[in-house]
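K.L.:
Next up, my_file-v3.txt (compact mmCIF, C-alpha atoms).
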# COMPACT_ATOMS: atom_id res chain seq x y z
CA MET G 63 0.00 0.00 0.00
CA THR G 64 1.33 3.41 -0.99
CA LEU G 65 0.08 6.35 1.04
CA ASN G 66 1.43 9.87 1.01
CA ALA G 67 1.86 12.02 4.11
CA LYS G 68 -1.47 13.80 3.61
CA GLU G 69 -3.33 10.49 3.31
CA ILE G 70 -1.63 9.01 6.38
CA ALA G 71 -2.40 12.15 8.40
CA LYS G 72 -6.14 11.54 8.07
CA TYR G 73 -5.77 8.26 9.97
CA ILE G 74 -3.98 9.82 12.96
CA ASP G 75 -5.34 10.68 16.39
CA HIS G 76 -2.41 12.85 17.57
CA THR G 77 -2.08 11.83 21.18
CA LEU G 78 -0.82 13.23 24.49
CA LEU G 79 -1.99 11.32 27.57
CA LYS G 80 1.03 11.50 29.87
CA PRO G 81 0.21 12.35 33.50
CA ASP G 82 2.66 15.27 33.47
CA ALA G 83 1.20 16.85 30.32
CA SER G 84 0.99 20.64 30.60
CA THR G 85 -1.33 23.15 28.99
CA ALA G 86 1.60 24.38 26.90
CA ALA G 87 2.22 20.83 25.67
CA ILE G 88 -1.45 20.49 24.71
CA HIS G 89 -1.22 23.73 22.73
CA LYS G 90 1.84 22.36 20.90
CA LEU G 91 -0.05 19.13 20.18
CA CYS G 92 -2.90 21.11 18.68
CA GLU G 93 -0.56 23.28 16.59
CA GLU G 94 1.04 20.14 15.14
CA ALA G 95 -2.35 18.57 14.47
CA ALA G 96 -3.58 21.68 12.68
CA GLN G 97 -0.37 22.01 10.66
CA HIS G 98 -0.44 18.40 9.46
CA GLN G 99 -4.24 18.09 9.38
CA PHE G 100 -4.40 15.02 11.56
CA PHE G 101 -7.87 13.59 12.07
CA SER G 102 -7.96 14.52 15.75
CA VAL G 103 -6.05 15.13 18.93
CA CYS G 104 -6.58 12.66 21.77
CA VAL G 105 -6.27 14.07 25.29
CA ASN G 106 -7.35 13.47 28.85
CA SER G 107 -10.75 14.96 29.59
CA GLN G 108 -9.18 17.73 31.70
CA PHE G 109 -7.75 19.25 28.52
CA VAL G 110 -10.72 18.92 26.17
CA GLY G 111 -11.75 22.55 26.57
CA VAL G 112 -8.20 23.78 25.97
CA ALA G 113 -7.80 21.63 22.86
CA SER G 114 -11.24 22.46 21.53
CA LYS G 115 -10.58 26.18 21.72
CA ALA G 116 -7.10 25.82 20.20
CA LEU G 117 -8.46 23.86 17.25
CA GLU G 118 -11.44 26.09 16.38
CA GLY G 119 -11.76 26.47 12.64
CA THR G 120 -9.01 23.94 11.81
CA GLY G 121 -11.22 20.94 11.02
CA VAL G 122 -9.29 18.81 13.52
CA LYS G 123 -11.51 17.02 16.02
CA VAL G 124 -10.97 16.43 19.73
CA ALA G 125 -11.11 12.95 21.26
CA ALA G 126 -11.16 12.38 25.02
CA VAL G 127 -10.20 9.27 26.94
CA VAL G 128 -12.59 7.99 29.61
CA GLY G 129 -11.93 5.60 32.49
CA PHE G 130 -8.31 5.85 31.46
CA PRO G 131 -6.03 3.95 31.66
CA LEU G 132 -7.34 1.16 33.91
CA GLY G 133 -10.98 0.87 32.87
CA ALA G 134 -11.87 0.24 36.50
CA SER G 135 -13.97 3.34 37.20
CA LEU G 136 -17.66 2.94 37.94
CA SER G 137 -19.68 2.82 34.74
CA GLU G 138 -21.70 5.82 35.90
CA VAL G 139 -18.47 7.77 36.37
CA LYS G 140 -17.30 6.87 32.87
CA ALA G 141 -20.64 7.99 31.46
CA PHE G 142 -20.46 11.28 33.36
CA GLU G 143 -16.88 11.91 32.23
CA ALA G 144 -17.87 11.20 28.63
CA ALA G 145 -20.85 13.54 28.77
CA LYS G 146 -18.79 16.37 30.30
CA ALA G 147 -16.06 15.88 27.70
CA VAL G 148 -18.64 16.26 24.93
CA GLU G 149 -20.03 19.40 26.61
CA ASN G 150 -16.50 20.81 26.50
CA GLY G 151 -16.03 20.05 22.81
CA ALA G 152 -15.07 16.39 22.36
CA ALA G 153 -16.41 14.74 19.21
CA GLU G 154 -15.01 11.32 20.07
CA ILE G 155 -14.73 9.29 23.27
CA ASP G 156 -12.14 6.55 23.82
CA THR G 157 -13.35 4.51 26.79
CA VAL G 158 -11.47 1.66 28.49
CA LEU G 159 -13.66 -1.38 29.04
CA PRO G 160 -13.59 -3.05 32.49
CA ILE G 161 -10.68 -5.42 31.82
CA GLY G 162 -11.00 -7.46 35.01
CA LEU G 163 -14.68 -8.16 34.37
CA LEU G 164 -13.91 -9.24 30.81
CA LEU G 165 -11.22 -11.62 32.05
CA GLU G 166 -13.73 -13.11 34.50
CA GLY G 167 -16.24 -13.65 31.73
CA GLN G 168 -18.75 -11.14 33.12
CA TYR G 169 -19.86 -10.24 29.61
CA ASP G 170 -23.21 -8.69 30.55
CA ALA G 171 -21.44 -6.27 32.89
CA VAL G 172 -18.87 -5.38 30.23
CA ARG G 173 -21.59 -4.74 27.64
CA SER G 174 -23.52 -2.62 30.12
CA ASP G 175 -20.43 -0.57 30.98
CA ILE G 176 -19.80 0.26 27.33
CA LYS G 177 -23.47 0.95 26.63
CA GLN G 178 -23.70 3.48 29.47
CA VAL G 179 -20.93 5.49 27.85
CA VAL G 180 -22.49 5.15 24.39
CA ASP G 181 -25.89 6.26 25.69
CA ALA G 182 -24.37 9.24 27.54
CA VAL G 183 -23.10 10.74 24.27
CA LYS G 184 -25.50 9.27 21.72
CA GLY G 185 -25.97 11.52 18.71
CA LYS G 186 -23.18 13.81 19.92
CA ALA G 187 -19.95 11.79 19.73
CA ILE G 188 -18.62 8.48 18.51
CA VAL G 189 -17.30 5.94 21.01
CA LYS G 190 -14.16 3.84 20.69
CA VAL G 191 -13.66 0.93 23.09
CA ILE G 192 -10.12 0.28 24.30
CA MET G 193 -9.72 -3.46 24.84
CA GLU G 194 -6.15 -3.50 26.25
CA THR G 195 -5.25 -6.50 24.11
CA GLY G 196 -2.03 -7.22 26.02
CA PHE G 197 -4.11 -8.74 28.83
CA LEU G 198 -6.35 -10.84 26.55
CA ASN G 199 -6.21 -14.09 24.64
CA ASP G 200 -7.73 -14.33 21.17
CA GLU G 201 -11.10 -15.56 22.40
CA GLN G 202 -11.33 -12.68 24.86
CA LYS G 203 -10.40 -10.22 22.10
CA LYS G 204 -13.17 -11.64 19.93
CA ALA G 205 -15.61 -11.36 22.83
CA ALA G 206 -14.59 -7.74 23.44
CA CYS G 207 -15.24 -6.94 19.78
CA LYS G 208 -18.67 -8.55 19.91
CA LEU G 209 -19.66 -6.86 23.17
CA SER G 210 -18.50 -3.45 21.93
CA GLU G 211 -20.58 -3.71 18.78
CA GLU G 212 -23.61 -5.01 20.69
CA ALA G 213 -23.34 -2.02 23.05
CA GLY G 214 -23.46 0.42 20.14
CA ALA G 215 -19.81 1.48 20.01
CA HIS G 216 -18.39 2.78 16.75
CA PHE G 217 -14.78 1.55 17.05
CA VAL G 218 -12.69 -1.07 18.80
CA LYS G 219 -9.18 -0.04 19.84
CA THR G 220 -6.16 -2.12 20.79
CA SER G 221 -4.42 -0.49 23.72
CA THR G 222 -4.03 2.40 26.13
CA GLY G 223 -0.26 2.55 25.69
CA PHE G 224 0.03 2.14 29.47
CA GLY G 225 -0.64 -1.62 29.66
CA PRO G 226 1.41 -4.62 28.53
CA GLY G 227 2.33 -4.66 24.86
CA GLY G 228 0.68 -2.50 22.24
CA ALA G 229 -0.84 -2.73 18.80
CA THR G 230 0.16 -5.68 16.64
CA VAL G 231 -0.71 -6.44 13.04
CA GLU G 232 -2.16 -9.77 14.18
CA ASP G 233 -4.48 -8.15 16.71
CA VAL G 234 -5.65 -5.50 14.25
CA ARG G 235 -6.42 -8.20 11.70
CA LEU G 236 -8.30 -10.29 14.28
CA MET G 237 -10.32 -7.27 15.41
CA ARG G 238 -11.17 -6.33 11.82
CA GLN G 239 -12.46 -9.86 11.23
CA ASN G 240 -14.64 -9.80 14.33
CA VAL G 241 -16.61 -6.59 13.87
CA SER G 242 -18.96 -5.46 11.12
CA GLU G 243 -17.67 -3.35 8.24
CA THR G 244 -19.37 -0.32 9.78
CA ILE G 245 -17.21 -0.57 12.93
CA GLY G 246 -13.78 1.06 12.87
CA VAL G 247 -10.56 -0.41 14.22
CA LYS G 248 -8.00 1.80 15.95
CA ALA G 249 -4.40 0.67 16.39
CA SER G 250 -2.63 2.36 19.28
CA GLY G 251 0.43 1.67 21.37
CA GLY G 252 3.83 1.53 19.69
CA VAL G 253 2.88 2.99 16.30
CA ARG G 254 5.96 5.16 15.87
CA ASP G 255 7.02 5.12 12.24
CA LEU G 256 5.64 5.16 8.71
CA GLN G 257 6.32 1.47 8.06
CA THR G 258 4.39 0.39 11.15
CA ALA G 259 1.55 2.80 10.37
CA VAL G 260 1.13 1.41 6.86
CA ALA G 261 1.27 -2.17 8.16
CA MET G 262 -1.55 -1.43 10.61
CA ILE G 263 -3.69 0.15 7.89
CA GLU G 264 -3.06 -2.80 5.58
CA ALA G 265 -4.20 -5.13 8.40
CA GLY G 266 -7.49 -3.24 8.69
CA ALA G 267 -6.91 -0.24 10.96
CA THR G 268 -9.05 2.76 10.10
CA ARG G 269 -7.46 4.99 12.73
CA LEU G 270 -4.03 5.22 14.38
CA GLY G 271 -3.48 6.46 17.92
CA THR G 272 0.05 7.81 18.30
CA SER G 273 2.09 10.63 19.74
CA SER G 274 4.56 10.13 16.89
CA GLY G 275 2.28 11.54 14.21
CA VAL G 276 4.76 14.19 13.08
CA ALA G 277 7.53 11.59 12.76
CA ILE G 278 5.20 9.28 10.83
CA VAL G 279 4.14 11.82 8.22
CA ASN G 280 7.77 12.97 7.90
CA GLY G 281 8.86 9.37 7.37
CA THR G 282 11.12 9.33 10.45
CA GLN G 283 11.25 7.35 13.69
CA GLY G 284 9.21 8.53 16.67
CA ALA G 285 10.51 8.18 20.21
CA SER G 286 7.24 7.91 22.10
CA THR G 287 5.96 4.72 23.68
CA TYR G 288 2.35 5.58 22.82
Could you express the structure from this file as structure tokens?
P.N.:
Amino acid sequence: MTLNAKEIAKYIDHTLLKPDASTAAIHKLCEEAAQHQFFSVCVNSQFVGVASKALEGTGVKVAAVVGFPLGASLSEVKAFEAAKAVENGAAEIDTVLPIGLLLEGQYDAVRSDIKQVVDAVKGKAIVKVIMETGFLNDEQKKAACKLSEEAGAHFVKTSTGFGPGGATVEDVRLMRQNVSETIGVKASGGVRDLQTAVAMIEAGATRLGTSSGVAIVNGTQGASTY
């Protein structure tokens, strides 16, 4: 697959989720996203308002993470965080599913958790479900895909970047095969260079979560772990 920098940019959620992120760093993130016309910036909900204001008129969207990075918040808290993020300008929500409950096979609880977030922003934002694939076997990954789609989510996503492992071509391909064509697949965690980005897209990724977006579109190596 041959993609130019402009085409690759439209796949990228330009990401800054580090706990020590500053307002100045968020402004820099937004400047880079506007310059390269990335699809969105992805930030913690605290910074949604800052990013939304900085990106006015640029066409770049704001995505907010919810229940991040553990997925262990109460479902009601995730739903509230998602709703507030949308009020502050988020067009997309990346929510972490309850990993422990998935591992225990509590599928009804996992579906309900995702659905509460989806319902909280219905008609206002799309929802991506972070599965944290590094904790899961293939059957659990398939189950997470199925539950996410049943709950009304719009995307499934590999990783937070804070858990074990990150996006792999094999996981992206498996996820693509286990959701409908209308559901997107986001590869995140360790996507740092152009070669990896193209490999993920070829495997079925429709979005890339990375803090190395500038390096990717410039065809160089990024240093970030996310």
K.L.:
Go through G:Gly271, G:Gly151, G:Gly119, G:Gly281 one by one, measure the shortest atom-to-atom distance of each to Tyr73 (chain G) using all atoms listed in the file, and give the residue with the smallest value.
P.N.:
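Comparing G:Gly271, G:Gly151, G:Gly119, G:Gly281 against Tyr73 (chain G), the winner is G:Gly271.
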K.L.:
Got a sec: who's within 8 Å of Ile74 (chain G), counting all atoms listed in the file, leaving out chain neighbours fewer than 2 positions off, as a PyMOL selection string?
P.N.:
chain G and resi 70-72+76+100-102+269-272+275
K.L.:
May I ask which of the residues G:Ala126, G:Val276, G:Ile263, G:Ala249 is the closest one to Ala187 (chain G), counting all atoms listed in the file?
P.N.:
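With all atoms listed in the file as the atom set, the closest residue is G:Ala126.
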K.L.:
Which residue gives the smallest distance to Ile192 (chain G) among G:Asp255, G:Val128, G:Tyr169, G:Ser135, with all atoms listed in the file counted?
P.N.:
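Checking each of G:Asp255, G:Val128, G:Tyr169, G:Ser135 against Ile192 (chain G), counting all atoms listed in the file, the winner is G:Val128.
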K.L.:
For a test of reading the model, state the distance in Å between CA of Glu212 (chain G) and CA of Lys186 (chain G), rounded to one decimal.
P.N.:
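About the pair CA of Glu212 (chain G) and CA of Lys186 (chain G): they are 18.8 Å apart.
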K.L.:
Measuring between only C-alpha atoms, which one of G:Thr120, G:Ser174, G:Thr85, G:Thr157 shows the shortest distance to Ile188 (chain G)?
P.N.:
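Distance minimum relative to Ile188 (chain G) lands on G:Thr157.
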K.L.:
Figure out the distance between CA of Arg173 (chain G) and CA of Glu143 (chain G), please, to one decimal in Å.
P.N.:
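Computing the Euclidean distance for CA of Glu143 (chain G) and CA of Arg173 (chain G) yields 17.9 Å.
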K.L.:
Quick one: of G:Ala113, G:Val122, G:Leu164, G:Cys207, who's nearest to Ser242 (chain G), counting only C-alpha atoms?
P.N.:
G:Cys207
K.L.:
How would region 265-283 of chain G look with N, CA, C and O atoms restored, written as a PDB file, in the frame of the given file?
P.N.:
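Generated output (result08.pdb):
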ATOM      1  N   ALA G 265      -3.567  -4.059   7.613  1.00  0.00           N
ATOM      2  CA  ALA G 265      -4.200  -5.130   8.400  1.00  0.00           C
ATOM      3  C   ALA G 265      -5.661  -4.826   8.711  1.00  0.00           C
ATOM      4  O   ALA G 265      -6.388  -5.703   9.182  1.00  0.00           O
ATOM      5  N   GLY G 266      -6.090  -3.575   8.478  1.00  0.00           N
ATOM      6  CA  GLY G 266      -7.490  -3.240   8.690  1.00  0.00           C
ATOM      7  C   GLY G 266      -7.752  -2.060   9.598  1.00  0.00           C
ATOM      8  O   GLY G 266      -8.909  -1.724   9.865  1.00  0.00           O
ATOM      9  N   ALA G 267      -6.708  -1.412  10.098  1.00  0.00           N
ATOM     10  CA  ALA G 267      -6.910  -0.240  10.960  1.00  0.00           C
ATOM     11  C   ALA G 267      -7.471   0.919  10.157  1.00  0.00           C
ATOM     12  O   ALA G 267      -7.013   1.208   9.050  1.00  0.00           O
ATOM     13  N   THR G 268      -8.476   1.570  10.721  1.00  0.00           N
ATOM     14  CA  THR G 268      -9.050   2.760  10.100  1.00  0.00           C
ATOM     15  C   THR G 268      -8.680   4.031  10.854  1.00  0.00           C
ATOM     16  O   THR G 268      -9.021   5.133  10.420  1.00  0.00           O
ATOM     17  N   ARG G 269      -7.968   3.861  11.959  1.00  0.00           N
ATOM     18  CA  ARG G 269      -7.460   4.990  12.730  1.00  0.00           C
ATOM     19  C   ARG G 269      -6.194   4.545  13.461  1.00  0.00           C
ATOM     20  O   ARG G 269      -6.070   3.365  13.835  1.00  0.00           O
ATOM     21  N   LEU G 270      -5.278   5.484  13.683  1.00  0.00           N
ATOM     22  CA  LEU G 270      -4.030   5.220  14.380  1.00  0.00           C
ATOM     23  C   LEU G 270      -3.911   6.176  15.560  1.00  0.00           C
ATOM     24  O   LEU G 270      -3.996   7.388  15.380  1.00  0.00           O
ATOM     25  N   GLY G 271      -3.720   5.639  16.752  1.00  0.00           N
ATOM     26  CA  GLY G 271      -3.480   6.460  17.920  1.00  0.00           C
ATOM     27  C   GLY G 271      -1.990   6.510  18.208  1.00  0.00           C
ATOM     28  O   GLY G 271      -1.371   5.480  18.463  1.00  0.00           O
ATOM     29  N   THR G 272      -1.403   7.699  18.130  1.00  0.00           N
ATOM     30  CA  THR G 272       0.050   7.810  18.300  1.00  0.00           C
ATOM     31  C   THR G 272       0.442   9.218  18.688  1.00  0.00           C
ATOM     32  O   THR G 272      -0.202  10.186  18.272  1.00  0.00           O
ATOM     33  N   SER G 273       1.508   9.310  19.467  1.00  0.00           N
ATOM     34  CA  SER G 273       2.090  10.630  19.740  1.00  0.00           C
ATOM     35  C   SER G 273       3.260  10.895  18.804  1.00  0.00           C
ATOM     36  O   SER G 273       3.947  11.903  18.942  1.00  0.00           O
ATOM     37  N   SER G 274       3.476   9.990  17.866  1.00  0.00           N
ATOM     38  CA  SER G 274       4.560  10.130  16.890  1.00  0.00           C
ATOM     39  C   SER G 274       4.038  10.527  15.513  1.00  0.00           C
ATOM     40  O   SER G 274       4.663  10.233  14.496  1.00  0.00           O
ATOM     41  N   GLY G 275       2.890  11.190  15.477  1.00  0.00           N
ATOM     42  CA  GLY G 275       2.280  11.540  14.210  1.00  0.00           C
ATOM     43  C   GLY G 275       3.179  12.366  13.310  1.00  0.00           C
ATOM     44  O   GLY G 275       3.250  12.137  12.094  1.00  0.00           O
ATOM     45  N   VAL G 276       3.883  13.329  13.885  1.00  0.00           N
ATOM     46  CA  VAL G 276       4.760  14.190  13.080  1.00  0.00           C
ATOM     47  C   VAL G 276       5.877  13.357  12.462  1.00  0.00           C
ATOM     48  O   VAL G 276       6.194  13.487  11.276  1.00  0.00           O
ATOM     49  N   ALA G 277       6.471  12.463  13.271  1.00  0.00           N
ATOM     50  CA  ALA G 277       7.530  11.590  12.760  1.00  0.00           C
ATOM     51  C   ALA G 277       7.003  10.684  11.655  1.00  0.00           C
ATOM     52  O   ALA G 277       7.680  10.446  10.646  1.00  0.00           O
ATOM     53  N   ILE G 278       5.785  10.187  11.821  1.00  0.00           N
ATOM     54  CA  ILE G 278       5.200   9.280  10.830  1.00  0.00           C
ATOM     55  C   ILE G 278       5.006   9.978   9.491  1.00  0.00           C
ATOM     56  O   ILE G 278       5.413   9.470   8.445  1.00  0.00           O
ATOM     57  N   VAL G 279       4.405  11.147   9.504  1.00  0.00           N
ATOM     58  CA  VAL G 279       4.140  11.820   8.220  1.00  0.00           C
ATOM     59  C   VAL G 279       5.431  12.367   7.606  1.00  0.00           C
ATOM     60  O   VAL G 279       5.497  12.593   6.397  1.00  0.00           O
ATOM     61  N   ASN G 280       6.463  12.537   8.430  1.00  0.00           N
ATOM     62  CA  ASN G 280       7.770  12.970   7.900  1.00  0.00           C
ATOM     63  C   ASN G 280       8.644  11.789   7.494  1.00  0.00           C
ATOM     64  O   ASN G 280       9.765  11.962   7.018  1.00  0.00           O
ATOM     65  N   GLY G 281       8.127  10.558   7.754  1.00  0.00           N
ATOM     66  CA  GLY G 281       8.860   9.370   7.370  1.00  0.00           C
ATOM     67  C   GLY G 281      10.061   9.079   8.250  1.00  0.00           C
ATOM     68  O   GLY G 281      11.008   8.406   7.854  1.00  0.00           O
ATOM     69  N   THR G 282      10.009   9.566   9.523  1.00  0.00           N
ATOM     70  CA  THR G 282      11.120   9.330  10.450  1.00  0.00           C
ATOM     71  C   THR G 282      10.641   8.509  11.628  1.00  0.00           C
ATOM     72  O   THR G 282       9.460   8.161  11.737  1.00  0.00           O
ATOM     73  N   GLN G 283      11.553   8.192  12.532  1.00  0.00           N
ATOM     74  CA  GLN G 283      11.250   7.350  13.690  1.00  0.00           C
ATOM     75  C   GLN G 283      10.809   8.202  14.860  1.00  0.00           C
ATOM     76  O   GLN G 283      11.469   9.178  15.227  1.00  0.00           O
TER      77      GLN G 283
END
